[in-house]
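Notes for the one structure printed next.
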Amino acid sequence: MAHIRDKETREKLYVVNDRVAYGLRRGELRTTIIWLLKRRGIDIEYERPFSDEWRDKLKEIHIREIDLRLKELEFVESAIEELDRQIKSIVADDHRAKLLDTIPGVAPYTALFLACILDDINRFPDSKHAYAYLGLVP
């Protein structure tokens, strides 16, 4: 038997998937910027990479490739902030996600993800089947 999530749950899952995609892109951009610096033999001393101070030092160098990626990184981070706000808002209105959010170590993103993926928990005969569905146990 196949399970089809309702439209509202699918829409919530799209928000979660967008957040994942932008998070991955942020990591790619950061890695690329560091690689571009190393390729040119540029070593910027920094205690916290990608802090505002560190970014200002990068901008002073005026390397086109890095400047473009810094602009893209700013856009991606603003999209992440917006998606995080949306996720918190959705969790506040979703009973299942709000309940999952009370578990220590589970943040709103994880709570919403689990609530959407599990959907109707009653479709699992027991907890072992739910764990297996999530890929946590064989």
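By order of appearance in the structure tokens: chains A, B, ..., then residues from 1 within every chain, and ligands from 1 in the order shown.
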Shell around Asp43 of chain A at 12 Å using only C-alpha atoms, local window under 3 positions removed, as a count of residues only: 14
Which residues are close to Val91 of chain A, i.e. within 7 Å by only C-alpha atoms, leaving aside same-chain residues fewer than 4 positions away? Reply as a list in words.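 Residues near the query, excluding close chain neighbours: Ile87, Ala97, Lys98, Pro108 and Leu112 of chain A.
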Please provide as a PDB file with C-alpha atoms, in the first residue's frame all residues within 12 Å of Glu28 of chain A, with the sequence filter that same-chain residues fewer than 3 positions apart are discarded (counting only C-alpha atoms).
```pdb
ATOM      1  CA  ALA A  21      19.396  22.878  -0.931  1.00  0.00           C
ATOM      2  CA  TYR A  22      20.421  26.360   0.193  1.00  0.00           C
ATOM      3  CA  GLY A  23      22.433  24.930   3.094  1.00  0.00           C
ATOM      4  CA  LEU A  24      24.342  22.700   0.687  1.00  0.00           C
ATOM      5  CA  ARG A  25      24.939  25.626  -1.672  1.00  0.00           C
ATOM      6  CA  THR A  31      34.608  25.706   0.095  1.00  0.00           C
ATOM      7  CA  THR A  32      35.076  27.320  -3.323  1.00  0.00           C
ATOM      8  CA  ILE A  33      36.109  30.664  -1.808  1.00  0.00           C
ATOM      9  CA  ILE A  34      38.730  28.990   0.377  1.00  0.00           C
ATOM     10  CA  TRP A  35      39.953  26.956  -2.597  1.00  0.00           C
ATOM     11  CA  ARG A  69      30.886  34.203  -4.829  1.00  0.00           C
ATOM     12  CA  LEU A  70      30.667  36.495  -1.803  1.00  0.00           C
ATOM     13  CA  GLU A  72      26.053  34.846  -4.069  1.00  0.00           C
ATOM     14  CA  LEU A  73      26.861  33.727  -0.516  1.00  0.00           C
ATOM     15  CA  VAL A  76      22.050  32.317  -0.167  1.00  0.00           C
TER      16      VAL A  76
END
```
What does the distance between atom CA of Tyr133 of chain A and atom CA of Lys88 of chain A come to in Å, to one decimal place?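 One can read the atom CA of Tyr133 of chain A to atom CA of Lys88 of chain A distance as 25.2 Å.
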Applying 12 Å and only C-alpha atoms, which residues near Lys59 of chain A remain after dropping the ones on its own chain fewer than 5 positions away? List them as a list in words. Ile33, Ile44, Phe50, Asp52, Glu53, Trp54, Arg64, Glu65, Ile66, Asp67, Leu68, Arg69, Leu70 and Lys71 of chain A
Serialized selection, C-alpha atoms, as a CSV table (one decimal), in the first residue's frame:
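again20.csv was written with the following content:
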```csv
chain,number,residue,atom,x,y,z
A,33,ILE,CA,36.1,30.7,-1.8
A,44,ILE,CA,44.2,35.5,5.3
A,50,PHE,CA,33.2,34.0,7.1
A,52,ASP,CA,31.9,40.0,8.8
A,53,GLU,CA,35.5,41.1,9.5
A,54,TRP,CA,36.9,38.2,7.5
A,64,ARG,CA,36.5,39.1,-9.3
A,65,GLU,CA,35.9,35.3,-8.7
A,66,ILE,CA,35.8,35.7,-5.0
A,67,ASP,CA,33.7,38.9,-5.1
A,68,LEU,CA,31.0,37.1,-7.2
A,69,ARG,CA,30.9,34.2,-4.8
A,70,LEU,CA,30.7,36.5,-1.8
A,71,LYS,CA,27.6,38.2,-3.4
```
How far is it from atom CA of Asp101 of chain A to atom CA of Lys12 of chain A, in Å with one decimal? 15.5 Å
Would you kindly return, as a PyMOL selection string, each protein, DNA or RNA residue with an atom no farther than 12 Å from any atom of Asp119 of chain A, considering only C-alpha atoms and excluding same-chain residues fewer than 2 positions away? chain A and resi 3-10+12-13+94-97+111-117+121-124+130+133-134
With only C-alpha atoms as the basis for distance, which of A:Asp120, A:Asp84, A:Asp93, A:Asp126 is at the shortest distance from Val16 of chain A?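 Closest residue, counting only C-alpha atoms: A:Asp84.
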Residue list (alpha helix (DSSP H), DSSP) for chain A, as a count of residues only: 99
Which residue out of A:Asn17, A:Ser78, A:Ser127, A:Ser51 has the minimum interatomic distance to Thr110 of chain A when only C-alpha atoms are used?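 Selected residue with least distance to Thr110 of chain A: A:Asn17.
Going from atom CA of Tyr109 of chain A to atom CA of Arg19 of chain A covers 8.7 Å.
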